[in-house]
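Next comes structure04.txt, a file with compact mmCIF, C-alpha atoms.
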# COMPACT_ATOMS: atom_id res chain seq x y z
CA MET A 7 62.07 7.25 -69.93
CA TYR A 8 58.48 8.44 -70.34
CA TYR A 9 55.27 7.85 -68.41
CA SER A 10 52.54 5.69 -69.88
CA GLU A 11 49.47 7.77 -70.69
CA THR A 12 47.46 6.08 -67.92
CA GLU A 13 50.15 6.74 -65.32
CA ALA A 14 50.64 10.32 -66.50
CA ARG A 15 46.95 11.11 -66.13
CA LYS A 16 46.86 9.60 -62.64
CA LEU A 17 49.96 11.50 -61.48
CA VAL A 18 48.82 14.87 -62.84
CA VAL A 19 45.52 14.58 -60.95
CA GLU A 20 47.45 13.59 -57.81
CA ALA A 21 49.84 16.51 -58.25
CA GLY A 22 46.95 18.98 -58.52
CA LEU A 23 45.55 17.85 -55.17
CA ARG A 24 49.01 18.06 -53.67
CA LEU A 25 49.45 21.65 -54.88
CA LEU A 26 46.15 22.61 -53.26
CA GLU A 27 46.96 20.83 -50.03
CA ASN A 28 50.30 22.62 -49.76
CA LYS A 29 48.72 25.97 -50.77
CA LEU A 30 50.99 26.34 -53.78
CA VAL A 31 48.07 27.38 -55.97
CA ALA A 32 44.60 28.84 -55.53
CA ARG A 33 41.49 27.93 -57.50
CA THR A 34 42.58 26.88 -61.01
CA TRP A 35 45.79 28.90 -61.11
CA GLY A 36 48.91 27.16 -62.33
CA ASN A 37 49.12 24.03 -64.45
CA ILE A 38 50.77 20.61 -64.49
CA SER A 39 51.98 18.28 -67.21
CA ALA A 40 53.63 14.87 -67.59
CA ARG A 41 55.49 13.64 -70.65
CA ILE A 42 54.32 10.45 -72.38
CA SER A 43 56.60 10.43 -75.44
CA LYS A 44 59.26 12.49 -77.16
CA ASP A 45 56.57 14.62 -78.79
CA GLU A 46 53.51 14.41 -76.47
CA PHE A 47 52.51 15.29 -72.94
CA ILE A 48 49.39 15.25 -70.75
CA ILE A 49 48.35 18.61 -69.27
CA THR A 50 45.64 20.04 -67.04
CA PRO A 51 42.64 21.63 -68.78
CA SER A 52 41.77 25.30 -68.75
CA GLY A 53 39.46 26.64 -66.06
CA LYS A 54 38.77 23.48 -64.07
CA ALA A 55 39.49 23.26 -60.33
CA TYR A 56 42.12 20.74 -59.23
CA ASP A 57 39.83 19.16 -56.66
CA ARG A 58 37.32 18.30 -59.42
CA LEU A 59 39.80 16.91 -61.96
CA THR A 60 39.60 13.33 -63.18
CA PRO A 61 42.13 11.56 -65.42
CA ALA A 62 39.66 11.81 -68.31
CA ASP A 63 39.61 15.63 -68.02
CA LEU A 64 43.29 15.94 -68.91
CA VAL A 65 44.38 16.79 -72.44
CA LYS A 66 47.02 15.13 -74.61
CA VAL A 67 49.04 17.78 -76.42
CA ARG A 68 51.81 17.54 -79.02
CA LEU A 69 54.92 19.71 -78.84
CA ASP A 70 53.60 21.76 -81.76
CA GLY A 71 50.64 22.74 -79.55
CA SER A 72 48.02 20.69 -81.37
CA TYR A 73 45.49 18.55 -79.51
CA LYS A 74 42.26 16.65 -80.13
CA GLY A 75 38.96 16.52 -78.29
CA LYS A 76 36.50 19.00 -76.80
CA MET A 77 38.42 19.69 -73.58
CA LYS A 78 40.63 22.77 -73.94
CA PRO A 79 44.17 22.46 -72.50
CA SER A 80 45.75 25.04 -70.22
CA SER A 81 46.48 28.35 -71.89
CA GLU A 82 50.12 27.83 -70.89
CA LYS A 83 50.47 24.63 -72.95
CA GLY A 84 52.96 26.45 -75.17
CA VAL A 85 55.25 27.14 -72.22
CA HIS A 86 55.27 23.44 -71.31
CA ALA A 87 55.86 22.45 -74.95
CA ALA A 88 58.82 24.84 -75.20
CA ALA A 89 60.37 23.37 -72.06
CA TYR A 90 59.97 19.76 -73.20
CA ALA A 91 61.36 20.61 -76.62
CA GLN A 92 64.59 21.92 -75.08
CA ARG A 93 65.04 19.42 -72.25
CA ASN A 94 64.99 15.74 -73.18
CA HIS A 95 65.46 14.69 -69.55
CA VAL A 96 62.35 16.54 -68.32
CA GLY A 97 59.35 14.30 -67.65
CA PHE A 98 57.18 16.44 -65.36
CA ILE A 99 56.49 20.19 -65.24
CA ILE A 100 54.71 22.24 -62.58
CA HIS A 101 53.74 25.88 -63.01
CA THR A 102 52.79 27.31 -59.62
CA HIS A 103 51.69 30.62 -58.16
CA GLN A 104 53.31 29.77 -54.84
CA TYR A 105 53.39 32.45 -52.17
CA TYR A 106 56.99 33.53 -51.57
CA ALA A 107 58.36 32.68 -55.01
CA SER A 108 55.58 34.74 -56.62
CA ALA A 109 56.42 37.67 -54.34
CA VAL A 110 60.09 37.46 -55.37
CA ALA A 111 59.14 37.09 -59.06
CA ALA A 112 57.28 40.41 -58.83
CA GLU A 113 60.68 42.11 -58.79
CA CYS A 114 61.39 40.78 -62.30
CA ARG A 115 65.01 39.86 -61.47
CA ASP A 116 67.03 36.65 -61.45
CA ILE A 117 67.97 35.07 -58.16
CA ARG A 118 70.66 32.47 -57.68
CA THR A 119 69.50 29.07 -59.02
CA ALA A 120 66.26 30.57 -60.43
CA PRO A 121 66.49 32.84 -63.49
CA CYS A 122 63.52 35.12 -64.11
CA ALA A 123 61.73 35.04 -67.48
CA ALA A 124 60.61 38.48 -68.65
CA TYR A 125 56.99 39.54 -68.14
CA ALA A 126 54.25 39.13 -70.73
CA LEU A 127 50.50 38.64 -70.53
CA PRO A 128 49.54 35.12 -69.40
CA GLY A 129 48.78 32.63 -72.15
CA THR A 130 50.41 34.69 -74.91
CA THR A 131 52.97 33.73 -77.54
CA LYS A 132 55.19 36.45 -76.13
CA LEU A 133 55.23 34.79 -72.70
CA LYS A 134 56.06 31.44 -74.31
CA ARG A 135 58.98 33.06 -76.14
CA PHE A 136 60.33 34.75 -73.00
CA VAL A 137 60.19 31.51 -70.99
CA ALA A 138 61.79 29.54 -73.83
CA ASP A 139 64.58 32.14 -74.01
CA SER A 140 65.21 31.86 -70.28
CA ILE A 141 65.35 28.05 -70.44
CA ARG A 142 67.70 28.13 -73.43
CA THR A 143 70.11 30.63 -71.88
CA ASN A 144 70.21 28.81 -68.53
CA PRO A 145 70.81 25.18 -69.53
CA TYR A 146 71.83 24.04 -66.05
CA GLU A 147 68.81 25.41 -64.19
CA ASP A 148 65.44 23.67 -63.76
CA SER A 149 63.66 26.24 -61.57
CA PHE A 150 62.47 29.47 -63.15
CA LEU A 151 60.68 32.55 -61.92
CA MET A 152 58.11 34.09 -64.25
CA ALA A 153 57.99 37.86 -63.75
CA ARG A 154 54.81 39.00 -61.94
CA HIS A 155 53.31 35.57 -62.54
CA GLY A 156 54.78 32.62 -60.63
CA THR A 157 57.22 29.81 -61.28
CA LEU A 158 58.00 27.06 -63.77
CA ILE A 159 59.62 23.93 -62.36
CA LEU A 160 61.14 21.24 -64.58
CA GLY A 161 61.58 17.78 -63.07
CA SER A 162 62.73 14.39 -64.27
CA ASP A 163 59.59 13.02 -62.60
CA MET A 164 56.84 14.20 -60.25
CA GLU A 165 58.81 13.78 -57.02
CA ASP A 166 61.81 15.59 -58.46
CA ALA A 167 59.58 18.47 -59.57
CA PHE A 168 57.93 18.79 -56.15
CA ALA A 169 61.31 18.73 -54.38
CA LYS A 170 62.40 21.67 -56.54
CA VAL A 171 59.11 23.51 -55.89
CA GLU A 172 59.64 23.21 -52.14
CA ALA A 173 63.32 24.16 -52.31
CA LEU A 174 62.54 27.29 -54.32
CA GLU A 175 59.78 28.33 -51.93
CA GLU A 176 62.10 27.93 -48.94
CA LYS A 177 64.79 30.01 -50.64
CA CYS A 178 62.35 32.77 -51.59
CA LYS A 179 60.86 32.80 -48.10
CA GLY A 180 64.33 33.52 -46.76
CA LEU A 181 64.81 36.36 -49.25
CA VAL A 182 61.50 38.00 -48.34
CA GLU A 183 62.00 37.65 -44.59
CA ALA A 184 65.55 39.01 -44.82
CA ARG A 185 64.42 42.16 -46.64
CA VAL A 186 61.01 42.90 -45.12
CA LYS A 187 61.09 43.98 -41.50
CA LEU A 188 57.66 43.31 -40.11
CA ASN A 189 56.16 45.17 -37.19
CA ALA A 190 54.10 43.58 -34.45
CA ALA A 191 50.96 45.35 -35.65
CA GLU A 192 47.78 43.35 -35.21
CA ALA A 193 44.11 43.96 -35.91
CA ASP A 194 42.79 46.16 -33.09
CA ARG A 195 39.36 47.24 -34.31
CA ALA A 196 36.03 45.44 -34.41
CA PHE A 197 34.52 44.86 -37.83
CA ASP A 198 31.12 43.31 -38.56
CA THR A 199 31.15 41.66 -41.99
CA SER A 200 27.37 41.19 -41.88
CA LYS A 201 27.01 44.95 -42.40
CA ILE A 202 28.50 44.70 -45.88
CA ASN A 203 25.54 44.16 -48.19
CA ILE A 204 26.61 43.52 -51.77
CA ARG A 205 24.29 40.91 -53.24
CA ALA A 206 26.68 40.15 -56.09
CA LEU A 207 29.48 39.49 -53.57
CA PRO A 208 27.74 38.02 -50.51
CA PHE A 209 30.67 36.16 -48.93
CA VAL A 210 33.08 38.33 -46.95
CA LYS A 211 36.31 37.23 -45.28
CA ILE A 212 38.81 39.23 -43.23
CA VAL A 213 42.51 38.36 -43.18
CA SER A 214 45.11 40.31 -41.21
CA ASP A 215 48.56 38.74 -41.61
CA PRO A 216 51.76 40.80 -41.11
CA TYR A 217 52.24 41.74 -44.79
CA ILE A 218 48.65 42.95 -45.06
CA MET A 219 48.94 44.93 -41.83
CA LYS A 220 52.19 46.51 -43.02
CA CYS A 221 50.43 47.70 -46.20
CA CYS A 222 47.58 49.03 -44.04
CA GLU A 223 50.08 51.00 -41.97
CA LYS A 224 51.67 52.57 -45.05
CA GLY A 225 48.23 53.84 -46.05
CA ARG A 226 48.99 53.89 -49.80
CA THR A 227 46.89 52.26 -52.51
CA VAL A 228 48.45 48.88 -53.35
CA GLY A 229 48.95 48.16 -57.04
CA SER A 230 48.98 44.82 -58.85
CA PHE A 231 52.44 43.38 -58.33
CA ILE A 232 51.18 39.93 -59.37
CA ASP A 233 48.95 39.37 -62.38
CA ASP A 234 46.47 37.03 -60.67
CA PHE A 235 45.80 39.87 -58.21
CA ALA A 236 44.85 42.13 -61.14
CA GLN A 237 42.50 39.45 -62.42
CA ILE A 238 40.67 38.30 -59.31
CA VAL A 239 40.89 41.38 -57.05
CA GLY A 240 41.24 44.38 -59.35
CA PRO A 241 43.88 46.71 -60.78
CA ASP A 242 44.67 48.04 -57.30
CA MET A 243 43.40 48.02 -53.73
CA GLN A 244 42.52 51.03 -51.59
CA VAL A 245 43.58 51.55 -48.00
CA VAL A 246 40.80 53.21 -46.02
CA ASP A 247 40.38 54.38 -42.45
CA GLY A 248 36.75 53.82 -41.59
CA ASP A 249 33.96 51.41 -40.76
CA GLU A 250 31.90 48.84 -42.65
CA TRP A 251 30.12 51.57 -44.63
CA VAL A 252 33.42 52.89 -45.95
CA ALA A 253 34.68 49.40 -46.81
CA GLU A 254 31.51 48.60 -48.74
CA ARG A 255 31.76 51.84 -50.70
CA ALA A 256 35.39 51.07 -51.59
CA LEU A 257 34.51 47.56 -52.81
CA LEU A 258 31.83 49.03 -55.07
CA GLY A 259 34.18 51.70 -56.38
CA TYR A 260 32.16 54.58 -54.87
CA SER A 261 33.55 57.63 -53.11
CA THR A 262 34.30 56.99 -49.45
CA ASN A 263 33.81 60.65 -48.52
CA GLN A 264 32.06 60.60 -45.16
CA THR A 265 29.92 63.64 -46.07
CA ALA A 266 28.02 61.41 -48.52
CA ARG A 267 26.86 59.09 -45.75
CA GLY A 268 23.69 60.99 -44.90
CA LEU A 269 22.95 62.17 -48.42
CA ILE A 270 22.55 58.70 -49.89
CA GLY A 271 21.06 56.97 -46.91
CA LYS A 272 17.92 56.12 -48.89
CA VAL A 273 19.82 54.63 -51.83
CA PRO A 274 20.44 50.84 -51.54
CA MET A 275 24.08 50.37 -50.69
CA THR A 276 24.34 47.44 -53.10
CA GLY A 277 25.34 50.01 -55.68
CA ALA A 278 25.66 50.06 -59.46
CA LEU A 279 27.30 46.64 -59.73
CA ASP A 280 24.38 44.92 -58.09
CA ARG A 281 21.73 46.99 -59.90
CA MET A 282 23.28 45.73 -63.13
CA GLY A 283 23.28 42.16 -61.85
CA GLY A 284 26.85 42.07 -60.60
CA GLN A 285 27.86 40.51 -63.93
CA GLN A 286 29.07 43.51 -65.92
CA PRO A 287 32.77 42.92 -66.66
CA ALA A 288 33.42 46.33 -68.20
CA LEU A 289 31.90 48.15 -65.23
CA ASN A 290 33.50 45.91 -62.62
CA SER A 291 36.92 46.17 -64.24
CA ALA A 292 36.57 49.95 -64.24
CA ILE A 293 35.33 50.62 -60.72
CA GLY A 294 34.67 47.49 -58.66
CA ARG A 295 37.16 45.62 -56.49
CA ASN A 296 37.03 42.36 -54.56
CA ALA A 297 39.12 43.57 -51.63
CA VAL A 298 39.92 46.67 -49.62
CA LEU A 299 42.45 47.26 -46.83
CA VAL A 300 40.99 48.77 -43.67
CA LYS A 301 43.40 50.28 -41.13
CA GLY A 302 43.34 48.43 -37.86
CA VAL A 303 41.29 45.60 -39.40
CA GLY A 304 43.15 44.04 -42.34
CA ALA A 305 41.96 42.98 -45.79
CA VAL A 306 38.21 42.77 -46.33
CA CYS A 307 37.71 40.30 -49.18
CA ALA A 308 34.35 39.78 -50.91
CA GLY A 309 33.41 37.00 -53.34
CA LYS A 310 30.48 35.26 -54.96
CA THR A 311 31.14 32.09 -52.95
CA LYS A 312 32.99 31.13 -49.80
CA SER A 313 35.79 29.59 -51.86
CA ASP A 314 36.00 32.81 -53.90
CA ALA A 315 36.48 34.86 -50.73
CA GLU A 316 39.14 32.45 -49.44
CA ALA A 317 41.05 32.55 -52.74
CA ILE A 318 40.85 36.34 -52.80
CA ALA A 319 42.24 36.48 -49.26
CA MET A 320 45.18 34.26 -50.25
CA ILE A 321 45.98 36.36 -53.31
CA VAL A 322 45.66 39.65 -51.41
CA SER A 323 48.17 38.41 -48.84
CA LYS A 324 50.59 37.29 -51.58
CA ASN A 325 50.31 40.63 -53.38
CA CYS A 326 50.92 42.50 -50.14
CA ALA A 327 54.03 40.36 -49.53
CA ALA A 328 55.19 41.27 -53.05
CA ALA A 329 54.46 44.96 -52.44
CA CYS A 330 56.52 44.86 -49.23
CA TYR A 331 59.40 42.96 -50.87
CA THR A 332 59.73 44.66 -54.25
CA LYS A 333 62.31 47.43 -54.53
CA TYR A 334 63.32 47.45 -58.16
CA ALA A 335 60.03 47.08 -60.04
CA LYS A 336 56.74 48.94 -60.15
CA PRO A 337 53.25 47.40 -60.18
CA LEU A 338 51.58 46.47 -63.45
CA GLY A 339 50.52 49.48 -65.48
CA SER A 340 46.89 50.55 -65.23
CA ILE A 341 45.99 49.54 -68.80
CA ASP A 342 47.59 46.10 -68.45
CA ALA A 343 45.97 45.46 -65.06
CA ARG A 344 42.52 46.56 -66.23
CA LEU A 345 42.79 44.47 -69.37
CA GLN A 346 43.56 41.36 -67.34
CA ARG A 347 40.68 42.14 -64.99
CA TYR A 348 38.28 42.48 -67.89
CA ILE A 349 39.44 39.24 -69.55
CA TYR A 350 39.11 37.35 -66.28
CA LEU A 351 35.60 38.65 -65.54
CA SER A 352 34.26 38.26 -69.05
CA LYS A 353 35.80 34.92 -70.01
CA TYR A 354 37.83 32.95 -67.53
CA SER A 355 35.64 33.23 -64.42
CA ARG A 356 32.54 32.26 -66.42
CA GLN A 357 34.34 29.30 -67.94
CA MET A 358 35.35 28.20 -64.45
CA GLU A 359 31.74 28.48 -63.19
CA ALA A 360 30.38 26.43 -66.11
Structure encoded using structure tokens:
Amino acid sequence: MYYSETEARKLVVEAGLRLLENKLVARTWGNISARISKDEFIITPSGKAYDRLTPADLVKVRLDGSYKGKMKPSSEKGVHAAAYAQRNHVGFIIHTHQYYASAVAAECRDIRTAPCAAYALPGTTKLKRFVADSIRTNPYEDSFLMARHGTLILGSDMEDAFAKVEALEEKCKGLVEARVKLNAAEADRAFDTSKINIRALPFVKIVSDPYIMKCCEKGRTVGSFIDDFAQIVGPDMQVVDGDEWVAERALLGYSTNQTARGLIGKVPMTGALDRMGGQQPALNSAIGRNAVLVKGVGAVCAGKTKSDAEAIAMIVSKNCAAACYTKYAKPLGSIDARLQRYIYLSKYSRQMEA
């Protein structure tokens, strides 16, 4: 009925690589667990990339949330524990931030076969309670949306869990495509990323998929419909109509007024973030962003590393899909979004780099 500890550790590592390969998570987002007894399960650690995980990195956790050892388990261990406590048949759990299901979850509403747990800050007791309530009140469902956050999939084993992950994504893709009418707009302007000179964010990537281009066309600042967007990109994302100079200013949180172009020509365009080392969470959470939408170009995404820029691009696209899809919910409030940004910059991102 349960996995052996050795098998559980092997399968969780394998599942992490599979999630990455299928682009169901980015970076260290999401978490995976496998049950090894009535009261214990193996879960992914906090802040460690899936492609670097080894079986020894995983953490054994009891249903009461206790664990031993130096490695810290995922902050969502309580959500997994609550699910195992209520479902004796569940042997494998996957929490994803998959693309279409996350976009649908941003609306904070149930869909058929996937109830939506109410929103709360990630890793909190409140979130655990909301997910536990949703599982308890929907005893015949194993796929759950988590408002503004992602999904929770309960499987009898790993293959069952992945089958449900894929089925939910296909269903949510259909919902998004049925509601969002995309135009044929494509990038039609040249943009030289080498002209963006932010030493703290040296890697720049442009992505211009249909959801991003639709948000560019609307021309309105895009809020945080998904909490990982608030954390890794910023509380919101400007839409600008300009060149590389304007995009760089927007990333740094400076005014993009064109009249300032000549006045500050002698001031290094690396800005306040870089002058303070690019490592000031309070300042970055207040003014800096990791992406900006440029009309006719797409999303300009800037990160500390190439993988950072690629993850930012993926999350920007997902948030734009959510912004296009959502009709019945607003973005995260400014205070909530800024708080998550600050926590990510000051704690989580540094833990991940360690």
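Proximity to Gly22 of chain A was assessed for A:Asp45, A:Glu316, A:Asp148, A:Asp57 counting only C-alpha atoms; the smallest distance is recorded for A:Asp57.
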What's the 10 Å shell around Val19 of chain A, counting only C-alpha atoms, without same-chain residues fewer than 5 positions away, as a count of residues only?
-> 15
At a cut-off of 6 Å, can you tabulate as JSON lines every residue of segment 142-235 of chain A near segment 112-135 of chain A together with its closest atom pair and the distance in Å to one decimal, using all atoms listed in the file and ordering rows by chain then number?
{"residue": "A:Ser149", "atom": "CA", "partner": "A:Ala120", "partner_atom": "CA", "distance": 5.2}
{"residue": "A:Phe150", "atom": "CA", "partner": "A:Ala120", "partner_atom": "CA", "distance": 4.8}
{"residue": "A:Leu151", "atom": "CA", "partner": "A:Cys122", "partner_atom": "CA", "distance": 4.4}
{"residue": "A:Met152", "atom": "CA", "partner": "A:Ala123", "partner_atom": "CA", "distance": 4.9}
{"residue": "A:Ala153", "atom": "CA", "partner": "A:Cys114", "partner_atom": "CA", "distance": 4.7}
{"residue": "A:Arg154", "atom": "CA", "partner": "A:Ala112", "partner_atom": "CA", "distance": 4.2}
{"residue": "A:Phe231", "atom": "CA", "partner": "A:Ala112", "partner_atom": "CA", "distance": 5.7}
Restricting to all atoms listed in the file, whichever of A:Tyr334, A:Tyr105, A:Phe168, A:Tyr8 is closest to Val322 of chain A is A:Tyr105
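Using all atoms listed in the file, the shortest contact distance between Asp194 of chain A and any of A:Gln244, A:Lys301, A:Pro145, A:Ser261 is found at A:Lys301.
Residue nearest Met7 of chain A within the list A:Arg205, A:Arg295, A:Arg41, A:Arg195: A:Arg41 [criterion: smallest interatomic distance, all atoms listed in the file].
Nearest-residue note for Phe235 of chain A: choosing from A:Ser323, A:Ala169, A:Tyr331, A:Ala253, the minimum distance belongs to A:Ser323, counting only C-alpha atoms.
Of note, atom CA of Lys211 of chain A and atom CA of Cys307 of chain A are spaced 5.2 Å apart.
Put simply, atom CA of Tyr106 of chain A is 5.4 Å away from atom CA of Cys178 of chain A.
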Which neighbours of Asn94 of chain A fall inside 10 Å, counting all atoms listed in the file, when residues of the same chain fewer than 3 positions from it are skipped, and could you give them as a ChimeraX atom specification?
/A:7,44,89-91,97,162
**Message:** Which residues are near Ala88 of chain A? Cut-off 10 Å, all atoms listed in the file, ignore same chain within fewer than 2 positions. Put them as number ranges by chain.
**Reply:** A: 69-71, 83-86, 90-93, 134-135, 137-139, 141-142
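Among the candidates A:Ala236, A:Ala109, A:Asp166, A:Asn189, the residue lying nearest to Ala335 of chain A is A:Ala109 (atoms considered: all atoms listed in the file).
For the atom pair formed by atom CA of Ser230 of chain A and atom CA of Asp242 of chain A, the distance is 5.6 Å, given to one decimal.
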Name the residues in contact with segment 182-184 of chain A at a cut-off of 12 Å, using all atoms listed in the file, excluding same-chain residues fewer than 3 positions from it; report them as a PyMOL selection string. chain A and resi 105-113+175-179+187-188+216-217+324+326-333
Enclose the full set of atoms of segment 25-38 of chain A listed in the file within a box whose edges lie along x, y and z, apply 4 Å of padding to each of the six sides, and report centre and edge lengths in Å to one decimal as JSON.
{"center_x": 46.2, "center_y": 24.8, "center_z": -57.1, "size_x": 17.5, "size_y": 16.3, "size_z": 22.7}
